[in-house]
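Have a look at the structure below before the remarks.
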There are 2 protein chains.
Amino acid sequence: MDEVRIIEIKKSVFENNDRDADRLRGELRDRGVFLLNLMSSPGSGKTTTLVRTINLLKDKLRIAVMEADIDSDVDARKIKDATGMETIQLHTGGMCHLDAEMTRQGLENIDMQAVDLVILENVGNLVCPAEFDTGSCSNVMILSVPEGHDKPLKYPLMFSVCDVVLINKIDVAPYFDFDLDECIANIRMRNPKARVIPVCAKTGEGVSVFTDWLAEEVAKWKTTKKQ
Amino acid sequence: MDEVRIIEIKKSVFENNDRDADRLRGELRDRGVFLLNLMSSPGSGKTTTLVRTINLLKDKLRIAVMEADIDSDVDARKIKDATGMETIQLHTGGMCHLDAEMTRQGLENIDMQAVDLVILENVGNLVCPAEFDTGSCSNVMILSVPEGHDKPLKYPLMFSVCDVVLINKIDVAPYFDFDLDECIANIRMRNPKARVIPVCAKTGEGVSVFTDWLAEEVAKWKTTKKQ
């Protein structure tokens, strides 16, 4: 197994995270690089979904991945081994989320001339990451079937800040009391515009619907470059 | 369905949470009331486990429940409907955890003369709740099988602050790549003393092992009252 780079990032000293996030987004637009922020609970399948996503897109797009975790390099190794993509591990020093400045510290380790798409896997947490704009061009979250269809009721902000909600582990739905229609209705209450895509990252089912959307968003972002 | 009480709690103004937690624990000891802090990711089965726990213990112990959530009263209603126990819902105003002062605000709504055991269901989050001592007499966490056996590597503090780790949803283990032995080894790395109990809250399997442990802890706590 190859080594992966581990970056120790520090808490932002900027008071105004929103301003800093907007600045970062502007720079990404000028460079024609699309930053995707992927969020979810621990264990809902972010890394497995990323492996599928990268393998479907890597012949079309130049991709880099930043894996944020409090500790370990489990995810960065998994991505690198399964996809061969440039992958860096961000250690948050115990922090429960990334803000725009922390995201920028990660991006400084990526050759921005050589990528179209950077995917940030945020810390596994349905609360705090939703409160901090990372400067991303789009937010996507994963809710997995075993977590239950009531989660949009209990973690409203996370569902309201996402453009896409992937419903993962759809293959095990028969073994859980999970009602997809009720889940979608709960998501719609929080975010009428969110696109909801059922997937099974383990088997790959549905993931191409997501990658088609993502490839289109990256293309749109590049055409609006330096307007 | 009966109404449940919803308490809007505010962020602590105390700088020294550890001192405040110790003070609260001292008061609980004087009163002979045991406070259990239950933590986990969203959707790992805290509320279902609580229903099983209460129904196994309610003839032996006088119990009250505090359900902490950012929004909704889904869990408090579920507990009250399934057990008949006094249940209050704490709304954290967006906060990702409870500290000792917030816990105290919740306890002020419970008749402490009339209970032996108060169970606090913390906000679903593997990061922030581990950082704040609530003043509880014991910390218990739930890791559910679908989350994966690598979680102790990625969320070290949570596993190190808990006396008991319940491995929930053990019934669906055949459908997931979950290695119980590796999970226990990962927990032991973080916390050699933690007791690990596999359970299925849905069917009740293994829950009596946990309630036997809990009843014994409550009895021990009461005998050391006002020493």
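Each chain of the structure tokens is named A, B, ... in the order shown, its residues numbered from 1; ligands are numbered from 1 in display order.
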query = Could you write out as a ChimeraX atom specification the residues of chain A within 10 Å of chain B, counting only C-alpha atoms?
reply = /A:40-45,69-75,94-97,123-128,131,143-157,169,171-172,175-176,202
Result of fitting chain B on chain A (Cα atoms paired in order), as an mmCIF file with C-alpha atoms, in the first residue's frame:
```cif
data_model
loop_
_atom_site.group_PDB
_atom_site.id
_atom_site.type_symbol
_atom_site.label_atom_id
_atom_site.label_comp_id
_atom_site.auth_asym_id
_atom_site.auth_seq_id
_atom_site.Cartn_x
_atom_site.Cartn_y
_atom_site.Cartn_z
ATOM 1 C CA MET B 1 0.065 0.103 -0.073
ATOM 2 C CA ASP B 2 1.408 3.535 -1.010
ATOM 3 C CA GLU B 3 1.908 6.173 1.624
ATOM 4 C CA VAL B 4 -0.720 8.919 1.804
ATOM 5 C CA ARG B 5 0.000 12.484 2.777
ATOM 6 C CA ILE B 6 -1.349 13.621 6.134
ATOM 7 C CA ILE B 7 -1.827 17.337 6.692
ATOM 8 C CA GLU B 8 -2.395 18.693 10.198
ATOM 9 C CA ILE B 9 -4.778 21.604 9.730
ATOM 10 C CA LYS B 10 -5.447 24.296 12.281
ATOM 11 C CA LYS B 11 -8.582 26.061 13.352
ATOM 12 C CA SER B 12 -9.349 29.187 11.380
ATOM 13 C CA VAL B 13 -8.311 32.535 12.825
ATOM 14 C CA PHE B 14 -10.729 34.335 10.533
ATOM 15 C CA GLU B 15 -13.821 35.558 12.279
ATOM 16 C CA ASN B 16 -15.883 35.829 9.175
ATOM 17 C CA ASN B 17 -16.022 32.350 7.695
ATOM 18 C CA ASP B 18 -18.726 33.257 5.194
ATOM 19 C CA ARG B 19 -16.583 36.008 3.680
ATOM 20 C CA ASP B 20 -13.605 33.697 3.486
ATOM 21 C CA ALA B 21 -15.720 30.958 1.898
ATOM 22 C CA ASP B 22 -16.968 33.355 -0.777
ATOM 23 C CA ARG B 23 -13.389 34.440 -1.481
ATOM 24 C CA LEU B 24 -12.265 30.824 -1.852
ATOM 25 C CA ARG B 25 -15.193 30.057 -4.161
ATOM 26 C CA GLY B 26 -14.248 33.057 -6.318
ATOM 27 C CA GLU B 27 -10.682 31.781 -6.624
ATOM 28 C CA LEU B 28 -11.921 28.311 -7.539
ATOM 29 C CA ARG B 29 -14.105 29.852 -10.227
ATOM 30 C CA ASP B 30 -11.146 31.803 -11.660
ATOM 31 C CA ARG B 31 -9.122 28.622 -11.803
ATOM 32 C CA GLY B 32 -11.972 26.535 -13.213
ATOM 33 C CA VAL B 33 -11.712 24.023 -10.359
ATOM 34 C CA PHE B 34 -14.920 22.580 -8.875
ATOM 35 C CA LEU B 35 -14.869 21.794 -5.138
ATOM 36 C CA LEU B 36 -17.441 19.291 -3.889
ATOM 37 C CA ASN B 37 -18.098 19.046 -0.129
ATOM 38 C CA LEU B 38 -19.370 15.593 0.853
ATOM 39 C CA MET B 39 -20.954 15.231 4.292
ATOM 40 C CA SER B 40 -22.718 12.517 6.326
ATOM 41 C CA SER B 41 -22.870 10.692 9.654
ATOM 42 C CA PRO B 42 -20.012 8.367 10.542
ATOM 43 C CA GLY B 43 -20.337 5.105 8.660
ATOM 44 C CA SER B 44 -22.949 6.083 6.086
ATOM 45 C CA GLY B 45 -20.651 5.218 3.184
ATOM 46 C CA LYS B 46 -18.868 8.415 2.120
ATOM 47 C CA THR B 47 -15.603 6.709 1.245
ATOM 48 C CA THR B 48 -17.170 3.776 -0.632
ATOM 49 C CA THR B 49 -19.359 6.226 -2.577
ATOM 50 C CA LEU B 50 -16.262 8.269 -3.427
ATOM 51 C CA VAL B 51 -14.435 5.210 -4.757
ATOM 52 C CA ARG B 52 -17.388 4.457 -7.088
ATOM 53 C CA THR B 53 -17.668 8.111 -8.089
ATOM 54 C CA ILE B 54 -13.977 8.476 -8.904
ATOM 55 C CA ASN B 55 -13.832 5.255 -10.896
ATOM 56 C CA LEU B 56 -16.814 6.390 -13.001
ATOM 57 C CA LEU B 57 -15.373 9.872 -13.632
ATOM 58 C CA LYS B 58 -11.598 9.491 -13.710
ATOM 59 C CA ASP B 59 -11.382 9.051 -17.486
ATOM 60 C CA LYS B 60 -13.394 12.242 -18.039
ATOM 61 C CA LEU B 61 -12.121 14.514 -15.257
ATOM 62 C CA ARG B 62 -8.851 15.145 -13.429
ATOM 63 C CA ILE B 63 -9.734 14.530 -9.778
ATOM 64 C CA ALA B 64 -8.069 15.037 -6.380
ATOM 65 C CA VAL B 65 -9.465 14.000 -2.999
ATOM 66 C CA MET B 66 -9.095 15.499 0.497
ATOM 67 C CA GLU B 67 -10.135 13.202 3.351
ATOM 68 C CA ALA B 68 -10.863 15.001 6.624
ATOM 69 C CA ASP B 69 -10.753 12.996 9.824
ATOM 70 C CA ILE B 70 -9.950 13.592 13.452
ATOM 71 C CA ASP B 71 -7.482 10.728 13.405
ATOM 72 C CA SER B 72 -6.222 7.840 11.237
ATOM 73 C CA ASP B 73 -5.556 7.665 7.499
ATOM 74 C CA VAL B 74 -7.944 4.759 6.869
ATOM 75 C CA ASP B 75 -10.027 6.620 4.295
ATOM 76 C CA ALA B 76 -7.192 8.235 2.340
ATOM 77 C CA ARG B 77 -5.487 4.858 1.964
ATOM 78 C CA LYS B 78 -8.731 3.240 0.870
ATOM 79 C CA ILE B 79 -9.318 5.868 -1.835
ATOM 80 C CA LYS B 80 -5.733 5.796 -3.068
ATOM 81 C CA ASP B 81 -5.578 1.991 -3.180
ATOM 82 C CA ALA B 82 -8.954 1.639 -4.930
ATOM 83 C CA THR B 83 -8.666 4.463 -7.458
ATOM 84 C CA GLY B 84 -5.011 5.522 -7.776
ATOM 85 C CA MET B 85 -6.139 9.144 -7.346
ATOM 86 C CA GLU B 86 -4.079 11.792 -5.590
ATOM 87 C CA THR B 87 -5.451 11.703 -2.036
ATOM 88 C CA ILE B 88 -4.466 13.716 0.983
ATOM 89 C CA GLN B 89 -5.588 13.149 4.539
ATOM 90 C CA LEU B 90 -6.504 16.231 6.561
ATOM 91 C CA HIS B 91 -6.276 15.830 10.317
ATOM 92 C CA THR B 92 -8.538 18.311 12.058
ATOM 93 C CA GLY B 93 -6.861 18.206 15.464
ATOM 94 C CA GLY B 94 -10.091 17.095 17.146
ATOM 95 C CA MET B 95 -12.242 19.645 15.321
ATOM 96 C CA CYS B 96 -15.693 18.415 14.371
ATOM 97 C CA HIS B 97 -15.911 20.209 11.021
ATOM 98 C CA LEU B 98 -13.918 22.082 8.366
ATOM 99 C CA ASP B 99 -14.297 25.790 7.692
ATOM 100 C CA ALA B 100 -13.149 27.703 4.601
ATOM 101 C CA GLU B 101 -9.664 28.482 5.935
ATOM 102 C CA MET B 102 -9.080 24.849 6.914
ATOM 103 C CA THR B 103 -10.252 23.805 3.442
ATOM 104 C CA ARG B 104 -7.839 26.305 1.902
ATOM 105 C CA GLN B 105 -4.980 24.799 3.927
ATOM 106 C CA GLY B 106 -5.845 21.452 2.372
ATOM 107 C CA LEU B 107 -6.086 22.852 -1.172
ATOM 108 C CA GLU B 108 -2.592 24.348 -0.850
ATOM 109 C CA ASN B 109 -1.292 20.781 -1.036
ATOM 110 C CA ILE B 110 -2.944 20.111 -4.401
ATOM 111 C CA ASP B 111 -1.655 21.200 -7.827
ATOM 112 C CA MET B 112 -4.674 23.253 -8.872
ATOM 113 C CA GLN B 113 -3.426 23.477 -12.480
ATOM 114 C CA ALA B 114 -3.724 19.705 -12.755
ATOM 115 C CA VAL B 115 -7.305 19.152 -11.538
ATOM 116 C CA ASP B 116 -10.896 19.806 -12.646
ATOM 117 C CA LEU B 117 -12.602 18.454 -9.534
ATOM 118 C CA VAL B 118 -11.551 18.354 -5.881
ATOM 119 C CA ILE B 119 -13.708 16.270 -3.576
ATOM 120 C CA LEU B 120 -13.602 17.056 0.137
ATOM 121 C CA GLU B 121 -14.835 14.289 2.420
ATOM 122 C CA ASN B 122 -15.821 16.238 5.518
ATOM 123 C CA VAL B 123 -15.711 14.916 9.114
ATOM 124 C CA GLY B 124 -18.460 12.333 9.760
ATOM 125 C CA ASN B 125 -20.991 14.478 11.613
ATOM 126 C CA LEU B 126 -24.551 15.604 10.778
ATOM 127 C CA VAL B 127 -24.380 18.742 12.900
ATOM 128 C CA CYS B 128 -21.299 20.970 12.816
ATOM 129 C CA PRO B 129 -20.159 20.618 9.170
ATOM 130 C CA ALA B 130 -23.546 22.024 8.068
ATOM 131 C CA GLU B 131 -22.816 25.241 9.988
ATOM 132 C CA PHE B 132 -19.575 26.107 8.211
ATOM 133 C CA ASP B 133 -19.384 27.030 4.525
ATOM 134 C CA THR B 134 -16.178 25.387 3.267
ATOM 135 C CA GLY B 135 -16.082 27.489 0.105
ATOM 136 C CA SER B 136 -17.323 24.516 -1.909
ATOM 137 C CA CYS B 137 -19.198 24.907 -5.189
ATOM 138 C CA SER B 138 -21.727 22.308 -4.121
ATOM 139 C CA ASN B 139 -22.709 20.372 -0.973
ATOM 140 C CA VAL B 140 -23.756 16.748 -1.156
ATOM 141 C CA MET B 141 -24.782 14.572 1.769
ATOM 142 C CA ILE B 142 -25.338 10.884 2.271
ATOM 143 C CA LEU B 143 -28.078 9.453 4.449
ATOM 144 C CA SER B 144 -27.850 5.687 4.751
ATOM 145 C CA VAL B 145 -30.889 3.448 5.127
ATOM 146 C CA PRO B 146 -29.904 2.052 8.579
ATOM 147 C CA GLU B 147 -29.896 5.603 10.013
ATOM 148 C CA GLY B 148 -33.660 5.905 9.487
ATOM 149 C CA HIS B 149 -36.017 8.084 7.463
ATOM 150 C CA ASP B 150 -36.614 10.527 10.351
ATOM 151 C CA LYS B 151 -33.159 12.130 10.223
ATOM 152 C CA PRO B 152 -34.226 15.228 8.216
ATOM 153 C CA LEU B 153 -36.552 16.046 11.143
ATOM 154 C CA LYS B 154 -33.721 15.862 13.653
ATOM 155 C CA TYR B 155 -30.817 17.414 11.704
ATOM 156 C CA PRO B 156 -32.617 20.130 9.712
ATOM 157 C CA LEU B 157 -29.660 22.362 8.792
ATOM 158 C CA MET B 158 -27.653 19.570 7.154
ATOM 159 C CA PHE B 159 -30.519 18.709 4.827
ATOM 160 C CA SER B 160 -31.222 22.351 4.021
ATOM 161 C CA VAL B 161 -27.654 23.194 2.878
ATOM 162 C CA CYS B 162 -27.272 20.287 0.438
ATOM 163 C CA ASP B 163 -27.918 20.309 -3.311
ATOM 164 C CA VAL B 164 -28.051 16.517 -3.478
ATOM 165 C CA VAL B 165 -28.985 13.876 -0.886
ATOM 166 C CA LEU B 166 -27.768 10.372 -1.699
ATOM 167 C CA ILE B 167 -29.796 7.653 0.058
ATOM 168 C CA ASN B 168 -27.148 4.959 0.431
ATOM 169 C CA LYS B 169 -27.268 1.244 1.378
ATOM 170 C CA ILE B 170 -30.576 0.956 -0.461
ATOM 171 C CA ASP B 171 -29.805 -2.790 -0.864
ATOM 172 C CA VAL B 172 -30.449 -3.449 2.844
ATOM 173 C CA ALA B 173 -33.784 -1.587 2.941
ATOM 174 C CA PRO B 174 -35.735 -4.888 3.361
ATOM 175 C CA TYR B 175 -33.978 -5.480 6.703
ATOM 176 C CA PHE B 176 -34.784 -2.052 8.196
ATOM 177 C CA ASP B 177 -37.957 -0.086 8.947
ATOM 178 C CA PHE B 178 -37.074 2.482 6.302
ATOM 179 C CA ASP B 179 -39.763 4.231 4.263
ATOM 180 C CA LEU B 180 -38.173 5.884 1.194
ATOM 181 C CA ASP B 181 -41.281 7.937 0.349
ATOM 182 C CA GLU B 182 -41.486 9.268 3.910
ATOM 183 C CA CYS B 183 -37.749 10.001 3.837
ATOM 184 C CA ILE B 184 -38.106 12.007 0.619
ATOM 185 C CA ALA B 185 -41.112 13.878 2.089
ATOM 186 C CA ASN B 186 -39.027 14.701 5.204
ATOM 187 C CA ILE B 187 -36.145 15.962 3.026
ATOM 188 C CA ARG B 188 -38.562 18.072 0.929
ATOM 189 C CA MET B 189 -39.827 19.739 4.129
ATOM 190 C CA ARG B 190 -36.292 20.971 4.802
ATOM 191 C CA ASN B 191 -35.207 21.578 1.234
ATOM 192 C CA PRO B 192 -37.732 21.495 -1.624
ATOM 193 C CA LYS B 193 -34.979 21.843 -4.248
ATOM 194 C CA ALA B 194 -32.661 19.048 -3.115
ATOM 195 C CA ARG B 195 -32.166 16.269 -5.602
ATOM 196 C CA VAL B 196 -32.613 12.866 -3.949
ATOM 197 C CA ILE B 197 -30.801 9.888 -5.481
ATOM 198 C CA PRO B 198 -31.100 6.350 -4.016
ATOM 199 C CA VAL B 199 -27.796 4.475 -4.393
ATOM 200 C CA CYS B 200 -25.935 1.418 -3.248
ATOM 201 C CA ALA B 201 -22.263 2.335 -3.148
ATOM 202 C CA LYS B 202 -21.326 -1.276 -2.408
ATOM 203 C CA THR B 203 -22.838 -2.635 -5.663
ATOM 204 C CA GLY B 204 -22.698 0.628 -7.645
ATOM 205 C CA GLU B 205 -26.475 0.803 -8.162
ATOM 206 C CA GLY B 206 -27.626 4.363 -8.895
ATOM 207 C CA VAL B 207 -24.154 5.945 -8.585
ATOM 208 C CA SER B 208 -24.027 6.858 -12.296
ATOM 209 C CA VAL B 209 -27.111 9.074 -11.796
ATOM 210 C CA PHE B 210 -25.037 11.020 -9.285
ATOM 211 C CA THR B 211 -21.862 11.114 -11.410
ATOM 212 C CA ASP B 212 -23.865 12.310 -14.455
ATOM 213 C CA TRP B 213 -25.180 15.177 -12.335
ATOM 214 C CA LEU B 214 -21.673 15.922 -10.984
ATOM 215 C CA ALA B 215 -19.987 15.879 -14.427
ATOM 216 C CA GLU B 216 -22.608 18.333 -15.671
ATOM 217 C CA GLU B 217 -22.055 20.661 -12.686
ATOM 218 C CA VAL B 218 -18.278 20.620 -13.227
ATOM 219 C CA ALA B 219 -18.771 21.443 -16.933
ATOM 220 C CA LYS B 220 -21.129 24.330 -16.076
ATOM 221 C CA TRP B 221 -18.654 25.671 -13.497
ATOM 222 C CA LYS B 222 -15.829 25.675 -16.040
ATOM 223 C CA THR B 223 -17.859 27.528 -18.668
ATOM 224 C CA THR B 224 -18.621 30.341 -16.193
ATOM 225 C CA LYS B 225 -14.891 30.694 -15.377
ATOM 226 C CA LYS B 226 -13.610 34.278 -15.121
ATOM 227 C CA GLN B 227 -16.888 35.898 -16.089
#
```
query = Can you list, as an NGL selection string, every residue of chain B that DSSP puts in helix (DSSP H, G or I)?
reply = :B and (17-31 or 46-57 or 74-83 or 100-107 or 112-114 or 128-131 or 145-147 or 151-154 or 156-160 or 170-175 or 180-190 or 207-223)
